[in-house]
$ cat work.cif   # mmCIF, C-alpha atoms and all ligand atoms
data_final
#
loop_
_atom_site.group_PDB
_atom_site.id
_atom_site.type_symbol
_atom_site.label_atom_id
_atom_site.label_comp_id
_atom_site.auth_asym_id
_atom_site.auth_seq_id
_atom_site.Cartn_x
_atom_site.Cartn_y
_atom_site.Cartn_z
ATOM 1 C CA MET A 172 66.646 168.367 24.844
ATOM 2 C CA PRO A 173 63.062 167.282 25.613
ATOM 3 C CA TYR A 174 62.691 163.833 27.087
ATOM 4 C CA PRO A 175 61.999 161.365 24.246
ATOM 5 C CA MET A 176 58.330 161.247 23.348
ATOM 6 C CA ASP A 177 56.496 158.046 22.536
ATOM 7 C CA ASP A 178 55.964 158.856 18.847
ATOM 8 C CA LEU A 179 59.719 159.210 18.366
ATOM 9 C CA HIS A 180 60.498 156.158 20.520
ATOM 10 C CA PRO A 181 57.824 153.583 19.735
ATOM 11 C CA HIS A 182 59.639 150.792 21.568
ATOM 12 C CA ARG A 183 60.087 152.607 24.874
ATOM 13 C CA GLN A 184 59.817 150.192 27.816
ATOM 14 C CA ASN A 185 58.289 150.676 31.251
ATOM 15 C CA ILE A 186 60.817 150.217 34.042
ATOM 16 C CA GLU A 187 59.637 148.179 37.005
ATOM 17 C CA ALA A 188 61.667 147.704 40.181
ATOM 18 C CA ARG A 189 61.329 144.084 41.364
ATOM 19 C CA GLU A 190 62.863 143.080 44.670
ATOM 20 C CA ARG A 191 63.715 140.047 46.803
ATOM 21 C CA LEU A 192 63.737 137.575 43.906
ATOM 22 C CA ASP A 193 64.907 134.142 44.983
ATOM 23 C CA PHE A 194 66.515 131.990 42.304
ATOM 24 C CA GLY A 195 67.891 129.352 44.674
ATOM 25 C CA LEU A 196 71.452 130.172 43.613
ATOM 26 C CA ASP A 197 72.909 128.755 46.815
ATOM 27 C CA ALA A 198 71.631 125.244 46.048
ATOM 28 C CA PRO A 199 74.537 122.774 46.202
ATOM 29 C CA ASP A 200 73.278 120.787 43.201
ATOM 30 C CA ILE A 201 73.924 123.516 40.602
ATOM 31 C CA PRO A 202 76.632 121.971 38.420
ATOM 32 C CA ARG A 203 79.991 123.733 38.097
ATOM 33 C CA HIS A 204 79.500 123.778 34.306
ATOM 34 C CA TRP A 205 75.840 124.682 34.480
ATOM 35 C CA LEU A 206 75.333 125.524 30.787
ATOM 36 C CA ALA A 207 74.809 122.143 29.116
ATOM 37 C CA GLY A 208 78.002 120.850 30.768
ATOM 38 C CA ASP A 209 79.998 123.169 28.485
ATOM 39 C CA ALA A 210 83.041 124.529 30.336
ATOM 40 C CA TYR A 211 83.653 127.444 27.955
ATOM 41 C CA LYS A 212 80.077 128.759 27.874
ATOM 42 C CA SER A 213 79.554 128.294 31.620
ATOM 43 C CA ARG A 214 82.761 130.128 32.505
ATOM 44 C CA PHE A 215 81.989 132.853 29.923
ATOM 45 C CA PHE A 216 78.821 133.743 31.831
ATOM 46 C CA ASP A 217 80.497 133.196 35.220
ATOM 47 C CA ALA A 218 83.164 135.702 34.194
ATOM 48 C CA LEU A 219 80.409 138.115 33.180
ATOM 49 C CA SER A 220 78.801 137.709 36.601
ATOM 50 C CA THR A 221 82.015 138.717 38.390
ATOM 51 C CA MET A 222 82.070 141.935 36.324
ATOM 52 C CA PHE A 223 78.641 143.129 37.480
ATOM 53 C CA PRO A 224 79.216 144.206 41.116
ATOM 54 C CA VAL A 225 81.886 146.773 40.225
ATOM 55 C CA GLY A 226 80.410 147.577 36.795
ATOM 56 C CA GLU A 227 76.942 148.307 38.111
ATOM 57 C CA ARG A 228 78.248 150.419 41.015
ATOM 58 C CA PHE A 229 80.194 152.387 38.400
ATOM 59 C CA PHE A 230 77.035 152.835 36.269
ATOM 60 C CA MET A 231 75.017 154.060 39.260
ATOM 61 C CA GLU A 232 77.699 156.585 40.258
ATOM 62 C CA CYS A 233 78.089 157.917 36.709
ATOM 63 C CA VAL A 234 74.334 158.407 36.389
ATOM 64 C CA ARG A 235 74.163 160.115 39.813
ATOM 65 C CA ASP A 236 76.760 162.649 38.578
ATOM 66 C CA PHE A 237 74.114 164.236 36.331
ATOM 67 C CA ARG A 238 70.889 163.384 38.152
ATOM 68 C CA ASP A 239 70.526 166.833 39.720
ATOM 69 C CA GLN A 240 70.555 168.492 36.295
ATOM 70 C CA VAL A 241 67.422 166.616 35.184
ATOM 71 C CA GLN A 242 64.210 168.668 35.276
ATOM 72 C CA ASP A 243 61.787 166.260 33.589
ATOM 73 C CA PRO A 244 59.855 164.311 36.294
ATOM 74 C CA LYS A 245 59.517 161.178 34.136
ATOM 75 C CA MET A 246 63.244 161.127 33.460
ATOM 76 C CA ARG A 247 63.984 161.588 37.179
ATOM 77 C CA GLU A 248 61.665 158.681 37.979
ATOM 78 C CA ASP A 249 63.354 156.483 35.337
ATOM 79 C CA ILE A 250 66.757 157.283 36.856
ATOM 80 C CA ARG A 251 65.454 156.316 40.302
ATOM 81 C CA LEU A 252 64.128 153.000 38.937
ATOM 82 C CA PHE A 253 67.371 152.390 37.020
ATOM 83 C CA ILE A 254 69.348 152.717 40.261
ATOM 84 C CA ARG A 255 66.941 150.413 42.106
ATOM 85 C CA GLN A 256 67.182 147.768 39.382
ATOM 86 C CA GLU A 257 70.987 147.900 39.215
ATOM 87 C CA GLY A 258 71.185 147.712 43.019
ATOM 88 C CA GLN A 259 69.141 144.493 42.939
ATOM 89 C CA HIS A 260 71.259 143.056 40.132
ATOM 90 C CA THR A 261 74.404 143.559 42.177
ATOM 91 C CA MET A 262 72.846 141.853 45.218
ATOM 92 C CA VAL A 263 71.859 138.802 43.192
ATOM 93 C CA HIS A 264 75.208 138.618 41.374
ATOM 94 C CA ASN A 265 76.913 138.674 44.769
ATOM 95 C CA GLN A 266 74.870 135.556 45.664
ATOM 96 C CA TYR A 267 75.857 134.022 42.333
ATOM 97 C CA ASN A 268 79.507 134.893 42.915
ATOM 98 C CA ALA A 269 79.409 133.290 46.379
ATOM 99 C CA ARG A 270 78.842 129.995 44.548
ATOM 100 C CA LEU A 271 81.993 130.670 42.500
ATOM 101 C CA LYS A 272 83.928 131.342 45.721
ATOM 102 C CA ARG A 273 82.876 127.936 47.019
ATOM 103 C CA GLN A 274 84.427 126.460 43.864
ATOM 104 C CA GLY A 275 87.780 128.027 44.768
ATOM 105 C CA ILE A 276 87.517 131.100 42.527
ATOM 106 C CA ASP A 277 89.157 134.143 44.116
ATOM 107 C CA VAL A 278 86.259 136.507 43.410
ATOM 108 C CA GLU A 279 87.660 139.190 45.756
ATOM 109 C CA MET A 280 90.837 139.380 43.675
ATOM 110 C CA ILE A 281 88.773 139.825 40.475
ATOM 111 C CA LEU A 282 86.650 142.550 42.094
ATOM 112 C CA ARG A 283 89.744 144.345 43.459
ATOM 113 C CA ARG A 284 91.385 144.490 40.035
ATOM 114 C CA HIS A 285 88.175 145.553 38.324
ATOM 115 C CA ASP A 286 87.655 148.249 40.969
ATOM 116 C CA ALA A 287 91.193 149.548 40.434
ATOM 117 C CA TRP A 288 90.488 149.931 36.707
ATOM 118 C CA MET A 289 86.982 151.406 36.870
ATOM 119 C CA PHE A 290 87.294 153.587 39.997
ATOM 120 C CA GLY A 291 91.042 153.896 40.648
ATOM 121 C CA PHE A 292 91.752 154.919 37.069
ATOM 122 C CA GLN A 293 88.656 155.844 35.057
ATOM 123 C CA ARG A 294 86.588 157.640 37.705
ATOM 124 C CA ARG A 295 89.672 159.377 39.076
ATOM 125 C CA HIS A 296 91.317 160.519 35.842
ATOM 126 C CA LEU A 297 88.640 160.768 33.144
ATOM 127 C CA SER A 298 85.846 163.317 32.787
ATOM 128 C CA LYS A 299 82.351 162.716 34.164
ATOM 129 C CA ARG A 300 80.951 163.160 30.662
ATOM 130 C CA TYR A 301 83.225 160.420 29.354
ATOM 131 C CA THR A 302 82.450 157.987 32.176
ATOM 132 C CA LEU A 303 78.724 158.564 31.564
ATOM 133 C CA ALA A 304 79.289 157.806 27.854
ATOM 134 C CA LEU A 305 81.090 154.631 28.898
ATOM 135 C CA THR A 306 78.123 153.744 31.106
ATOM 136 C CA ALA A 307 75.686 154.293 28.219
ATOM 137 C CA ALA A 308 77.881 152.170 25.909
ATOM 138 C CA MET A 309 78.119 149.334 28.439
ATOM 139 C CA GLU A 310 74.383 149.534 29.050
ATOM 140 C CA HIS A 311 73.866 149.139 25.307
ATOM 141 C CA LEU A 312 76.096 146.046 25.380
ATOM 142 C CA THR A 313 74.164 144.493 28.265
ATOM 143 C CA ALA A 314 70.809 145.245 26.594
ATOM 144 C CA ILE A 315 71.816 143.686 23.272
ATOM 145 C CA SER A 316 73.375 140.716 25.099
ATOM 146 C CA ALA A 317 69.844 140.004 26.333
ATOM 147 C CA HIS A 318 68.913 139.325 22.703
ATOM 148 C CA ALA A 319 71.950 137.090 22.209
ATOM 149 C CA LEU A 320 70.898 135.009 25.220
ATOM 150 C CA PHE A 321 67.158 134.679 24.748
ATOM 151 C CA ASP A 322 65.964 135.539 21.230
ATOM 152 C CA ARG A 323 67.033 132.057 20.162
ATOM 153 C CA ARG A 324 66.385 129.062 22.361
ATOM 154 C CA GLY A 325 69.665 127.371 21.423
ATOM 155 C CA THR A 326 71.967 129.682 23.422
ATOM 156 C CA MET A 327 70.539 128.680 26.796
ATOM 157 C CA ASP A 328 69.464 125.113 25.930
ATOM 158 C CA GLY A 329 70.583 122.656 28.586
ATOM 159 C CA ALA A 330 71.244 125.388 31.186
ATOM 160 C CA ASP A 331 70.476 124.908 34.861
ATOM 161 C CA PRO A 332 67.003 126.544 35.090
ATOM 162 C CA ARG A 333 67.892 128.555 38.228
ATOM 163 C CA VAL A 334 70.983 130.163 36.700
ATOM 164 C CA ARG A 335 69.192 130.696 33.400
ATOM 165 C CA ALA A 336 66.288 132.358 35.247
ATOM 166 C CA MET A 337 68.682 134.777 36.936
ATOM 167 C CA TYR A 338 70.098 135.803 33.554
ATOM 168 C CA ALA A 339 66.539 136.014 32.143
ATOM 169 C CA TRP A 340 65.464 138.482 34.854
ATOM 170 C CA HIS A 341 68.642 140.522 34.453
ATOM 171 C CA ALA A 342 68.182 140.539 30.651
ATOM 172 C CA ILE A 343 64.571 141.753 30.905
ATOM 173 C CA GLU A 344 65.487 144.613 33.227
ATOM 174 C CA GLU A 345 68.485 145.615 31.093
ATOM 175 C CA VAL A 346 66.121 145.954 28.126
ATOM 176 C CA GLU A 347 63.641 147.931 30.253
ATOM 177 C CA HIS A 348 66.206 150.527 31.333
ATOM 178 C CA ARG A 349 68.383 150.481 28.202
ATOM 179 C CA ALA A 350 67.758 154.152 27.351
ATOM 180 C CA VAL A 351 68.252 155.775 30.786
ATOM 181 C CA ALA A 352 72.013 156.415 30.661
ATOM 182 C CA PHE A 353 71.765 157.166 26.938
ATOM 183 C CA ASP A 354 69.136 159.892 27.421
ATOM 184 C CA LEU A 355 71.165 161.430 30.232
ATOM 185 C CA MET A 356 74.256 161.365 28.015
ATOM 186 C CA GLN A 357 72.496 162.982 25.051
ATOM 187 C CA GLY A 358 70.515 165.423 27.184
ATOM 188 C CA PRO A 359 71.913 167.052 30.343
ATOM 189 C CA ALA A 360 75.486 165.764 29.834
ATOM 190 C CA ARG A 361 75.582 166.903 26.169
ATOM 191 C CA VAL A 362 78.047 164.204 25.100
ATOM 192 C CA GLY A 363 78.956 164.515 21.410
ATOM 193 C CA TYR A 364 79.084 161.868 18.710
ATOM 194 C CA LEU A 365 82.843 161.263 18.785
ATOM 195 C CA LEU A 366 83.010 160.752 22.549
ATOM 196 C CA ARG A 367 80.065 158.361 22.313
ATOM 197 C CA CYS A 368 81.881 156.289 19.642
ATOM 198 C CA LEU A 369 85.154 156.316 21.569
ATOM 199 C CA ALA A 370 83.337 155.100 24.690
ATOM 200 C CA MET A 371 81.856 152.157 22.772
ATOM 201 C CA LEU A 372 85.282 151.155 21.448
ATOM 202 C CA GLU A 373 86.616 151.120 25.003
ATOM 203 C CA ALA A 374 83.539 149.254 26.277
ATOM 204 C CA LEU A 375 84.016 146.521 23.651
ATOM 205 C CA LEU A 376 87.723 146.187 24.344
ATOM 206 C CA THR A 377 87.155 146.053 28.110
ATOM 207 C CA PHE A 378 84.380 143.482 27.702
ATOM 208 C CA PHE A 379 86.422 141.024 25.633
ATOM 209 C CA VAL A 380 89.748 141.474 27.450
ATOM 210 C CA MET A 381 88.105 140.966 30.841
ATOM 211 C CA ILE A 382 85.960 137.998 29.783
ATOM 212 C CA GLU A 383 89.042 136.343 28.292
ATOM 213 C CA ALA A 384 91.276 137.010 31.309
ATOM 214 C CA ILE A 385 88.719 136.015 33.959
ATOM 215 C CA SER A 386 87.418 132.906 32.192
ATOM 216 C CA THR A 387 90.978 131.707 31.499
ATOM 217 C CA TYR A 388 91.734 132.101 35.214
ATOM 218 C CA MET A 389 88.577 130.092 36.023
ATOM 219 C CA HIS A 390 89.554 127.307 33.601
ATOM 220 C CA ARG A 391 92.926 127.159 35.331
ATOM 221 C CA ARG A 392 91.217 126.824 38.707
ATOM 222 C CA ASP A 393 89.137 124.011 37.165
ATOM 223 C CA GLY A 394 92.402 122.121 36.719
ATOM 224 C CA THR A 395 92.705 122.281 32.916
ATOM 225 C CA THR A 396 96.052 121.960 31.154
ATOM 226 C CA PHE A 397 97.391 124.572 28.735
ATOM 227 C CA TRP A 398 96.363 122.475 25.699
ATOM 228 C CA GLN A 399 92.907 121.838 27.102
ATOM 229 C CA ARG A 400 92.491 125.596 27.496
ATOM 230 C CA MET A 401 93.628 126.134 23.907
ATOM 231 C CA ARG A 402 90.978 123.698 22.694
ATOM 232 C CA LEU A 403 88.313 125.358 24.841
ATOM 233 C CA ARG A 404 89.303 128.776 23.499
ATOM 234 C CA THR A 405 89.198 127.684 19.868
ATOM 235 C CA ALA A 406 85.735 126.156 20.189
ATOM 236 C CA GLY A 407 84.640 129.111 22.327
ATOM 237 C CA ALA A 408 85.875 131.718 19.836
ATOM 238 C CA TRP A 409 83.752 130.048 17.139
ATOM 239 C CA TRP A 410 80.716 130.055 19.454
ATOM 240 C CA VAL A 411 81.241 133.769 20.195
ATOM 241 C CA PHE A 412 82.145 135.030 16.719
ATOM 242 C CA LYS A 413 80.487 132.682 14.186
ATOM 243 C CA PRO A 414 77.788 134.403 12.056
ATOM 244 C CA SER A 415 74.921 133.018 14.147
ATOM 245 C CA GLY A 416 76.917 133.185 17.399
ATOM 246 C CA PHE A 417 76.878 135.453 20.446
ATOM 247 C CA VAL A 418 78.268 138.502 18.614
ATOM 248 C CA GLY A 419 76.988 137.686 15.112
ATOM 249 C CA SER A 420 73.378 137.521 16.276
ATOM 250 C CA VAL A 421 73.511 141.086 17.624
ATOM 251 C CA ALA A 422 76.052 142.657 15.240
ATOM 252 C CA GLY A 423 73.392 144.877 13.613
ATOM 253 C CA ARG A 424 72.257 146.235 16.983
ATOM 254 C CA LEU A 425 75.874 146.759 18.009
ATOM 255 C CA LEU A 426 76.800 148.680 14.853
ATOM 256 C CA ALA A 427 73.627 150.789 15.141
ATOM 257 C CA TRP A 428 75.341 152.621 18.034
ATOM 258 C CA PHE A 429 77.650 154.279 15.503
ATOM 259 C CA LYS A 430 74.788 155.761 13.430
ATOM 260 C CA PRO A 431 74.606 159.489 14.256
ATOM 261 C CA GLY A 432 70.819 159.467 14.899
ATOM 262 C CA PHE A 433 70.821 156.255 16.945
ATOM 263 C CA HIS A 434 68.570 155.819 19.973
ATOM 264 C CA PRO A 435 68.149 152.509 21.894
ATOM 265 C CA ASP A 436 64.346 152.785 21.706
ATOM 266 C CA HIS A 437 64.335 152.777 17.903
ATOM 267 C CA GLU A 438 64.818 148.997 18.022
ATOM 268 C CA PRO A 439 62.038 146.645 19.123
ATOM 269 C CA ALA A 440 62.477 145.112 22.577
ATOM 270 C CA MET A 441 63.069 141.363 22.937
ATOM 271 C CA PRO A 442 60.090 139.395 21.664
ATOM 272 C CA GLY A 443 60.118 137.455 24.943
ATOM 273 C CA CYS A 444 59.751 140.513 27.234
ATOM 274 C CA ALA A 445 55.947 140.317 27.289
ATOM 275 C CA VAL A 446 56.085 136.545 27.840
ATOM 276 C CA TRP A 447 58.454 136.892 30.810
ATOM 277 C CA THR A 448 56.402 139.731 32.349
ATOM 278 C CA GLU A 449 53.141 137.798 31.980
ATOM 279 C CA ALA A 450 54.659 134.644 33.548
ATOM 280 C CA TRP A 451 56.157 136.690 36.410
ATOM 281 C CA ARG A 452 52.825 138.429 37.147
ATOM 282 C CA ARG A 453 50.956 135.124 37.029
ATOM 283 C CA THR A 454 53.338 132.992 39.116
ATOM 284 C CA ALA A 455 55.585 135.415 41.098
ATOM 285 C CA ASP A 456 58.166 132.681 40.485
ATOM 286 C CA PRO A 457 61.308 133.976 38.752
ATOM 287 C CA VAL A 458 62.377 130.464 37.729
ATOM 288 C CA ALA A 459 59.012 129.815 36.020
ATOM 289 C CA ALA A 460 59.305 133.227 34.293
ATOM 290 C CA GLY A 461 62.829 132.299 33.143
ATOM 291 C CA ASP A 462 61.553 128.994 31.748
ATOM 292 C CA ALA A 463 58.812 130.900 29.876
ATOM 293 C CA LEU A 464 61.316 133.332 28.364
ATOM 294 C CA HIS A 465 63.576 130.504 27.244
ATOM 295 C CA ALA A 466 60.633 128.618 25.713
ATOM 296 C CA ALA A 467 59.586 131.785 23.824
ATOM 297 C CA GLY A 468 62.858 131.807 21.854
ATOM 298 C CA ILE A 469 62.731 130.721 18.244
HETATM 299 FE FE FE B 501 72.216 145.237 35.581
HETATM 300 FE FE FE B 502 71.933 148.081 33.277
#
$ encode --input "work.cif" --output "structure tokens"
Amino acid sequence: MPYPMDDLHPHRQNIEARERLDFGLDAPDIPRHWLAGDAYKSRFFDALSTMFPVGERFFMECVRDFRDQVQDPKMREDIRLFIRQEGQHTMVHNQYNARLKRQGIDVEMILRRHDAWMFGFQRRHLSKRYTLALTAAMEHLTAISAHALFDRRGTMDGADPRVRAMYAWHAIEEVEHRAVAFDLMQGPARVGYLLRCLAMLEALLTFFVMIEAISTYMHRRDGTTFWQRMRLRTAGAWWVFKPSGFVGSVAGRLLAWFKPGFHPDHEPAMPGCAVWTEAWRRTADPVAAGDALHAAGI
């Protein structure tokens, strides 16, 4: 399959590797519940952060499985930049997770269990084509989550600007490289439609089961009672699943995956991408760029 051309993929993004970004995540004044003092939302994103170190290592390995079969120089370059971006994400999420450790969260235990599932089971027992499809599906989820976080200002209103800026940078780069694993899956790996759909079903199940399990553990470490956790969960489920909520706001983009002719670059990128990039070029300050992205939301 030829590498997607611009006329077929009008929303193709340039991938840029940015390094040594400092968000000040080790500052002691970042509140435990950094997202508007909301325990559910803060722990939702904290749980997500603990999933990145193993998840992104998995993505990089699954992409490397097929890298040598790629002839197109542009595609090879995009794969190289994808790996550089994911490597940086993991480094920064490790800094983020160090803050969670200082709060008494056993991050190593979470990583060990996640590793056992992704590497001990999936990489060991499932085919390389399937694990690449799973990578592409999870990459689609991270790219559309960027929209859920920043297309509307309300989601990140009241967040600590340093933590929000870290998610802003990660969101921008996920949108930039959203098609890399997909193109590898459709091209050299020749993954069919059914395997692609199956991978997305597993990705969704994994995402929600893990977020639920990890955030519940974090709420327990925060000293909540069973009934307090029930109340948090009820309010949180509404925030996640209400029509204008985390899932509802990206449901169309999520379901698009199941259309046979789907490609990530058929959808416009986040409206705030250009705003973030301009602010980053002008200031070289990732927190200022994060503020600009948040302000660009409607
Ligand atoms: Fe990432
Ligand atoms: Fe990614």
$ closest_residue --input "work.cif" --among "A:Lys299, A:Arg283, A:Arg235, A:His311" --to "A:Leu426" --atoms "all atoms listed in the file"
A:His311
$ residues_around --input "work.cif" --residues "stretch 397-405 of chain A" --least-positions-apart "3" --cutoff "9 Å" --atoms "all atoms listed in the file" --output "MDAnalysis selection string"
chainID A and resid 210:211 383 387 390:391 408:410
$ atom_distance --input "work.cif" --atom1 "atom CA of A:Ala269" --atom2 "atom CA of A:Phe216"
14.6 Å
$ resolve_selection --input "work.cif" --expression "the PyMOL selection byres (((chain A and resi 352-357) around 8) and not hetatm)" --output "list of chain:residue names"
A:Met172, A:Tyr174, A:Pro175, A:Val234, A:Phe237, A:Arg300, A:Leu303, A:Ala304, A:Thr306, A:Ala307, A:Ala308, A:Glu310, A:Arg349, A:Ala350, A:Val351, A:Gly358, A:Pro359, A:Ala360, A:Arg361, A:Val362, A:Gly363, A:His434, A:Pro435
$ residues_near_point --input "work.cif" --point "(80.5, 138.3, 34.5)" --cutoff "10 Å" --atoms "all atoms listed in the file" --output "JSON, numbers by chain"
{"A": [214, 215, 216, 217, 218, 219, 220, 221, 222, 223, 224, 226, 264, 268, 378, 381, 382, 385, 386]}
$ residues_near_ligand --input "work.cif" --ligand "ligand FE 502 (chain B)" --cutoff "8 Å" --atoms "only C-alpha atoms and all ligand atoms" --output "list of chain:residue names"
A:Glu227, A:Phe230, A:Phe253, A:Gln256, A:Glu257, A:Met309, A:Glu310, A:Thr313, A:Ala314, A:Glu344, A:Glu345, A:His348, A:Arg349
$ atom_distance --input "work.cif" --atom1 "atom CA of A:Phe433" --atom2 "atom CA of A:His182"
13.3 Å
$ closest_residue --input "work.cif" --among "A:Pro202, A:Gly394, A:Gly258, A:Pro431" --to "ligand FE 501 (chain B)" --atoms "only C-alpha atoms and all ligand atoms"
A:Gly258
$ residues_around --input "work.cif" --residues "A:Leu196" --least-positions-apart "6" --cutoff "10 Å" --atoms "all atoms listed in the file" --output "PyMOL selection string"
chain A and resi 263-264+266-270+333-334+337
$ residues_near_point --input "work.cif" --point "(60.5, 134.0, 25.0)" --cutoff "8 Å" --atoms "only C-alpha atoms" --output "ChimeraX atom specification"
/A:321-322,442-444,446-447,463-469
$ atom_distance --input "work.cif" --atom1 "atom CA of A:Asp328" --atom2 "atom CA of A:Lys212"
11.4 Å
$ closest_residue --input "work.cif" --among "A:Met371, A:Ala317, A:Leu192, A:Ile276" --to "A:Val421" --atoms "only C-alpha atoms"
A:Ala317
$ axis_aligned_box --input "work.cif" --around "stretch 236-241 of chain A" --padding-each-side "6 Å" --output "JSON"
{"center_x": 72.1, "center_y": 165.6, "center_z": 37.5, "size_x": 21.3, "size_y": 17.8, "size_z": 16.5}
$ closest_residue --input "work.cif" --among "A:Met289, A:Ala460, A:Val225, A:Ala440" --to "A:His318" --atoms "all atoms listed in the file"
A:Ala440
$ closest_residue --input "work.cif" --among "A:Thr302, A:Ser316, A:Thr326, A:Thr448" --to "ligand FE 501 (chain B)" --atoms "all atoms listed in the file"
A:Ser316
$ closest_residue --input "work.cif" --among "A:Arg452, A:Asp243, A:Asp200, A:Thr261" --to "ligand FE 501 (chain B)" --atoms "only C-alpha atoms and all ligand atoms"
A:Thr261
$ residues_around --input "work.cif" --residues "A:Leu369" --least-positions-apart "2" --cutoff "10 Å" --atoms "only C-alpha atoms" --output "count of residues only"
13
$ decode --input "work.cif" --residues "stretch 218-229 of chain A" --atoms "N, CA and C atoms" --output "tab-separated table (two decimals), in the first residue's frame"
chain	number	residue	atom	x	y	z
A	218	ALA	N	-4.68	7.93	37.30
A	218	ALA	CA	-4.69	6.51	36.92
A	218	ALA	C	-4.18	6.37	35.48
A	219	LEU	N	-4.64	7.27	34.62
A	219	LEU	CA	-4.20	7.26	33.22
A	219	LEU	C	-2.67	7.40	33.16
A	220	SER	N	-2.14	8.29	33.97
A	220	SER	CA	-0.69	8.53	33.95
A	220	SER	C	0.10	7.27	34.33
A	221	THR	N	-0.44	6.48	35.26
A	221	THR	CA	0.30	5.26	35.65
A	221	THR	C	0.24	4.20	34.55
A	222	MET	N	-0.69	4.37	33.59
A	222	MET	CA	-0.78	3.38	32.50
A	222	MET	C	0.20	3.68	31.36
A	223	PHE	N	0.75	4.89	31.33
A	223	PHE	CA	1.58	5.26	30.17
A	223	PHE	C	2.96	4.57	30.13
A	224	PRO	N	3.70	4.46	31.24
A	224	PRO	CA	5.05	3.89	31.08
A	224	PRO	C	5.05	2.49	30.44
A	225	VAL	N	4.17	1.61	30.90
A	225	VAL	CA	4.13	0.27	30.30
A	225	VAL	C	3.46	0.33	28.93
A	226	GLY	N	2.35	1.09	28.83
A	226	GLY	CA	1.61	1.18	27.58
A	226	GLY	C	2.47	1.70	26.45
A	227	GLU	N	3.23	2.75	26.72
A	227	GLU	CA	4.01	3.35	25.63
A	227	GLU	C	5.22	2.49	25.25
A	228	ARG	N	5.78	1.77	26.23
A	228	ARG	CA	6.86	0.83	25.89
A	228	ARG	C	6.30	-0.29	25.00
A	229	PHE	N	5.10	-0.72	25.32
A	229	PHE	CA	4.41	-1.73	24.50
A	229	PHE	C	4.21	-1.19	23.07
